Each structure stands twice: as C-alpha cells, then as structure tokens.
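Undergrad: Dropping in upload10.cif, which is mmCIF, C-alpha atoms:
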data_model
#
loop_
_atom_site.group_PDB
_atom_site.id
_atom_site.type_symbol
_atom_site.label_atom_id
_atom_site.label_comp_id
_atom_site.auth_asym_id
_atom_site.auth_seq_id
_atom_site.Cartn_x
_atom_site.Cartn_y
_atom_site.Cartn_z
ATOM 1 C CA MET A 104 84.862 56.964 165.234
ATOM 2 C CA ASP A 105 86.559 53.754 164.223
ATOM 3 C CA ALA A 106 85.685 50.064 164.490
ATOM 4 C CA LEU A 107 87.193 49.802 167.984
ATOM 5 C CA ASP A 108 85.046 52.674 169.277
ATOM 6 C CA ARG A 109 81.989 50.964 167.781
ATOM 7 C CA LYS A 110 82.932 47.699 169.519
ATOM 8 C CA ILE A 111 83.246 49.567 172.832
ATOM 9 C CA LEU A 112 79.782 51.058 172.298
ATOM 10 C CA THR A 113 78.301 47.663 171.440
ATOM 11 C CA GLU A 114 79.740 46.023 174.553
ATOM 12 C CA LEU A 115 78.491 48.830 176.796
ATOM 13 C CA GLN A 116 75.002 48.655 175.277
ATOM 14 C CA LEU A 117 74.928 44.955 176.112
ATOM 15 C CA ASP A 118 76.225 45.507 179.646
ATOM 16 C CA GLY A 119 76.610 49.054 180.955
ATOM 17 C CA ARG A 120 78.017 47.790 184.256
ATOM 18 C CA LEU A 121 81.264 46.494 182.769
ATOM 19 C CA THR A 122 84.394 47.694 184.492
ATOM 20 C CA VAL A 123 87.013 49.303 182.282
ATOM 21 C CA THR A 124 89.154 46.188 182.782
ATOM 22 C CA GLU A 125 86.346 43.887 181.616
ATOM 23 C CA LEU A 126 85.553 46.190 178.708
ATOM 24 C CA ALA A 127 89.197 46.316 177.654
ATOM 25 C CA ALA A 128 89.388 42.504 177.664
ATOM 26 C CA ARG A 129 86.229 42.191 175.557
ATOM 27 C CA VAL A 130 87.484 44.609 172.903
ATOM 28 C CA ARG A 131 91.053 43.251 173.080
ATOM 29 C CA LEU A 132 92.694 46.475 174.193
ATOM 30 C CA SER A 133 94.831 47.327 177.199
ATOM 31 C CA VAL A 134 93.131 49.174 180.040
ATOM 32 C CA SER A 135 94.706 52.634 179.575
ATOM 33 C CA PRO A 136 93.828 53.104 175.873
ATOM 34 C CA CYS A 137 90.378 51.619 176.491
ATOM 35 C CA HIS A 138 89.770 54.084 179.326
ATOM 36 C CA ARG A 139 90.956 56.973 177.161
ATOM 37 C CA ARG A 140 88.630 55.955 174.322
ATOM 38 C CA LEU A 141 85.752 55.553 176.756
ATOM 39 C CA ARG A 142 86.250 59.070 178.154
ATOM 40 C CA ASP A 143 86.495 60.471 174.599
ATOM 41 C CA LEU A 144 83.200 58.762 173.655
ATOM 42 C CA GLU A 145 81.554 60.250 176.754
ATOM 43 C CA ARG A 146 83.001 63.728 176.159
ATOM 44 C CA GLU A 147 81.970 63.710 172.460
ATOM 45 C CA GLY A 148 78.413 62.717 173.386
ATOM 46 C CA ALA A 149 78.403 59.286 171.719
ATOM 47 C CA ILE A 150 77.680 57.919 175.203
ATOM 48 C CA ARG A 151 74.892 60.046 176.654
ATOM 49 C CA GLY A 152 74.728 58.327 180.027
ATOM 50 C CA TYR A 153 74.328 55.092 181.947
ATOM 51 C CA ARG A 154 71.110 53.722 183.389
ATOM 52 C CA ALA A 155 69.293 50.615 184.512
ATOM 53 C CA VAL A 156 66.728 49.144 182.116
ATOM 54 C CA VAL A 157 63.690 48.458 184.300
ATOM 55 C CA ASP A 158 60.938 45.996 183.398
ATOM 56 C CA PRO A 159 57.719 48.085 183.363
ATOM 57 C CA GLY A 160 55.678 45.134 184.686
ATOM 58 C CA ALA A 161 57.955 44.881 187.714
ATOM 59 C CA VAL A 162 56.895 48.385 188.760
ATOM 60 C CA GLY A 163 53.199 47.886 188.029
ATOM 61 C CA LEU A 164 53.080 49.277 184.476
ATOM 62 C CA HIS A 165 51.523 46.312 182.677
ATOM 63 C CA PHE A 166 49.706 48.256 179.953
ATOM 64 C CA GLU A 167 51.321 49.977 176.972
ATOM 65 C CA ALA A 168 49.758 52.019 174.197
ATOM 66 C CA LEU A 169 50.954 53.989 171.204
ATOM 67 C CA VAL A 170 49.175 57.306 170.865
ATOM 68 C CA PHE A 171 49.241 59.280 167.630
ATOM 69 C CA ALA A 172 48.678 63.017 168.027
ATOM 70 C CA THR A 173 47.683 65.451 165.307
ATOM 71 C CA LEU A 174 47.951 69.133 166.210
ATOM 72 C CA ARG A 175 45.988 72.212 165.184
ATOM 73 C CA TRP A 176 48.551 74.582 163.713
ATOM 74 C CA GLU A 177 47.526 77.827 165.395
ATOM 75 C CA SER A 178 51.001 79.351 165.544
ATOM 76 C CA PRO A 179 54.656 78.303 165.761
ATOM 77 C CA ASP A 180 54.231 78.326 169.535
ATOM 78 C CA THR A 181 51.786 75.409 169.276
ATOM 79 C CA VAL A 182 54.627 72.921 168.738
ATOM 80 C CA THR A 183 56.674 74.299 171.625
ATOM 81 C CA ALA A 184 53.716 74.303 174.009
ATOM 82 C CA PHE A 185 52.737 70.749 173.041
ATOM 83 C CA GLU A 186 56.292 69.410 173.395
ATOM 84 C CA GLU A 187 56.841 71.058 176.783
ATOM 85 C CA ALA A 188 53.503 69.761 178.075
ATOM 86 C CA VAL A 189 54.003 66.207 176.795
ATOM 87 C CA ALA A 190 57.502 66.117 178.309
ATOM 88 C CA ALA A 191 55.911 66.803 181.702
ATOM 89 C CA VAL A 192 53.648 63.716 181.578
ATOM 90 C CA PRO A 193 55.558 60.937 183.408
ATOM 91 C CA HIS A 194 53.637 58.079 181.756
ATOM 92 C CA VAL A 195 54.835 59.182 178.318
ATOM 93 C CA LEU A 196 57.969 57.065 177.909
ATOM 94 C CA GLN A 197 58.810 58.332 174.425
ATOM 95 C CA ALA A 198 57.558 61.155 172.253
ATOM 96 C CA GLN A 199 58.636 61.514 168.642
ATOM 97 C CA ARG A 200 57.776 64.248 166.171
ATOM 98 C CA LEU A 201 56.964 62.790 162.765
ATOM 99 C CA PHE A 202 56.899 64.031 159.181
ATOM 100 C CA GLY A 203 53.425 64.025 157.700
ATOM 101 C CA GLU A 204 50.338 62.891 159.576
ATOM 102 C CA PRO A 205 50.079 62.276 162.449
ATOM 103 C CA ASP A 206 52.415 64.852 163.946
ATOM 104 C CA TYR A 207 53.587 62.866 166.985
ATOM 105 C CA LEU A 208 53.936 59.308 168.221
ATOM 106 C CA LEU A 209 53.781 58.816 171.994
ATOM 107 C CA ARG A 210 54.656 55.597 173.785
ATOM 108 C CA VAL A 211 52.669 55.440 177.010
ATOM 109 C CA ALA A 212 52.773 52.987 179.930
ATOM 110 C CA THR A 213 50.133 52.679 182.652
ATOM 111 C CA ALA A 214 48.989 50.078 185.156
ATOM 112 C CA ASP A 215 45.952 48.952 183.148
ATOM 113 C CA LEU A 216 43.284 50.016 180.667
ATOM 114 C CA ALA A 217 41.377 52.046 183.258
ATOM 115 C CA ALA A 218 44.525 53.997 184.161
ATOM 116 C CA PHE A 219 45.200 54.592 180.466
ATOM 117 C CA GLN A 220 41.674 55.903 179.931
ATOM 118 C CA LEU A 221 42.091 58.301 182.845
ATOM 119 C CA LEU A 222 45.455 59.503 181.527
ATOM 120 C CA TYR A 223 44.012 59.862 178.017
ATOM 121 C CA ASP A 224 40.957 61.833 179.155
ATOM 122 C CA GLN A 225 42.564 64.004 181.834
ATOM 123 C CA GLN A 226 46.014 64.704 180.398
ATOM 124 C CA LEU A 227 46.661 63.611 176.820
ATOM 125 C CA ALA A 228 43.443 64.982 175.309
ATOM 126 C CA ARG A 229 44.077 68.285 177.087
ATOM 127 C CA LEU A 230 47.597 68.815 175.758
ATOM 128 C CA PRO A 231 47.968 72.205 174.035
ATOM 129 C CA GLY A 232 47.150 72.252 170.345
ATOM 130 C CA VAL A 233 45.749 68.716 170.132
ATOM 131 C CA GLN A 234 43.260 68.328 167.310
ATOM 132 C CA ARG A 235 43.010 64.529 167.304
ATOM 133 C CA LEU A 236 44.403 61.564 169.228
ATOM 134 C CA THR A 237 44.327 57.985 168.000
ATOM 135 C CA SER A 238 45.712 55.096 169.948
ATOM 136 C CA THR A 239 46.535 51.468 169.523
ATOM 137 C CA LEU A 240 47.332 48.950 172.226
ATOM 138 C CA VAL A 241 50.599 47.078 172.351
ATOM 139 C CA MET A 242 49.970 43.348 172.361
ATOM 140 C CA LYS A 243 53.589 42.264 172.718
ATOM 141 C CA ASN A 244 57.061 43.790 172.466
ATOM 142 C CA VAL A 245 59.008 41.712 169.972
ATOM 143 C CA VAL A 246 62.199 43.795 169.774
ATOM 144 C CA GLN A 247 62.984 46.177 172.609
ATOM 145 C CA ASP A 248 66.088 47.963 173.875
ATOM 146 C CA ARG A 249 68.211 46.498 171.104
ATOM 147 C CA PRO A 250 71.754 47.884 170.896
ATOM 148 C CA LEU A 251 72.444 50.120 167.916
ATOM 149 C CA PRO A 252 74.100 48.262 165.017
ATOM 150 C CA GLU A 253 77.858 48.595 164.611
#
So that I can check it, write out the structure of this file as structure tokens.
TA:
Amino acid sequence: MDALDRKILTELQLDGRLTVTELAARVRLSVSPCHRRLRDLEREGAIRGYRAVVDPGAVGLHFEALVFATLRWESPDTVTAFEEAVAAVPHVLQAQRLFGEPDYLLRVATADLAAFQLLYDQQLARLPGVQRLTSTLVMKNVVQDRPLPE
C-alpha cells in the first residue's frame, strides 16, 4: 500500500458516497487507475464495506455505557460461548477482548437508564461465563468515528 492508496482510504472514510470520478479528482488521479486501485483495496480487504453512520439519538438510543466484563475461566469453551452470546445482543455496539483484567469491554447503547438496567439484568449479567460486570456511563463523545490516520 502506497501513499496514494492511503489518500484514497482517507477520502472514502470522510465521505463514502464519493463517486469514482469525485474520488479520482480529490486524489489527483485519472478515473481508470483510481477505479483499479479502489477495486484492489476492496479485494485485499483494506476496505471492508460501505455503510451509513447513523446518529444513535436520531433512532432513540440516547444512553450509552461502557461495560467491563470479567469471565470465570471454566474451560476454553467459555470464551467462545461468551463471544457468540455477546455478538447476539443487538444493543452491544462494540465488544473488544482485552489483555489483563477486565477481559472484555462492551460499548452499549439503549434508550435510557431504565432500558440499560433491563438489558444489564436480563441479558448482560446472564452471558455465559460472566463472573463480574462493571459499567460506567458515557457523559459525552469527544472523538467518534474518526478516520484512521494516513
């Protein structure tokens, strides 16, 4: 990947709806080579897909929390069972496995505190292998959906 590929990626992260013609103009390349590079980036997996970035508040998800999960290590299957179960919870927007303690960081969005409590009690606390959950509430998102650096 060279500097031109990185510029293409930057422009698409800023505006994924660019046409190939607009993209080519922004990176100062003719349309055909730009299109070829774009397809190569998609085929190689550097571009995983295209999507709309939706404001959670616009769809009624005004409350966000970070939940830290520590697992009981019963067997190697504990991790697999936990990860499959957490992936099935729609309100979990992100789930990351961590080194050290806690084992996982979950980013959760709900309508309000009451909805979060219900989700916490009825789904998150019942995930397989969970020993302890700790959560903190998000006051404000300062940096969000930032493009990757070049």
Undergrad: At a cut-off of 12 Å, using all atoms listed in the file, what residues contact Arg120 in chain A? Leave out same-chain residues fewer than 3 positions from it and give the result as JSON, numbers by chain.
TA: {"A": [114, 115, 116, 117, 123, 124, 125, 126, 152, 153, 154, 155, 156]}
Undergrad: Translate the PyMOL selection byres ((chain A and resi 216) around 12), as applied to the file shown, into an explicit residue set as JSON, numbers by chain.
TA: {"A": [164, 165, 166, 167, 168, 211, 212, 213, 214, 215, 217, 218, 219, 220, 221, 222, 223, 239, 240, 241]}
Undergrad: Calculate how many Å separate CA of Arg175 in chain A from CA of Val192 in chain A, rounding to one decimal.
TA: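 Answer for the CA of Arg175 in chain A to CA of Val192 in chain A separation: 20.0 Å.
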Undergrad: Work out how far CA of Val157 in chain A is from CA of Glu253 in chain A, in Å to one decimal.
TA: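 If I compute the distance from CA of Glu253 in chain A to CA of Val157 in chain A, I get 24.3 Å.
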Undergrad: Which residues match the PyMOL selection byres ((chain A and resi 227) around 12) in the file above, as JSON, numbers by chain?
TA: {"A": [169, 170, 171, 172, 173, 185, 186, 188, 189, 190, 191, 192, 193, 194, 195, 209, 210, 211, 219, 220, 221, 222, 223, 224, 225, 226, 228, 229, 230, 231, 232, 233, 234, 235, 236, 237, 238]}
Undergrad: How many Å lie between CA of Ala106 in chain A and CA of Arg140 in chain A, rounded to one decimal?
TA: 11.8 Å
Undergrad: Looking at A:Ala149, A:Leu174, A:Leu132, A:Arg139, which one is nearest to Gly203 in chain A, with distances taken over all atoms listed in the file?
TA: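 Selected residue with least distance to Gly203 in chain A: A:Leu174.
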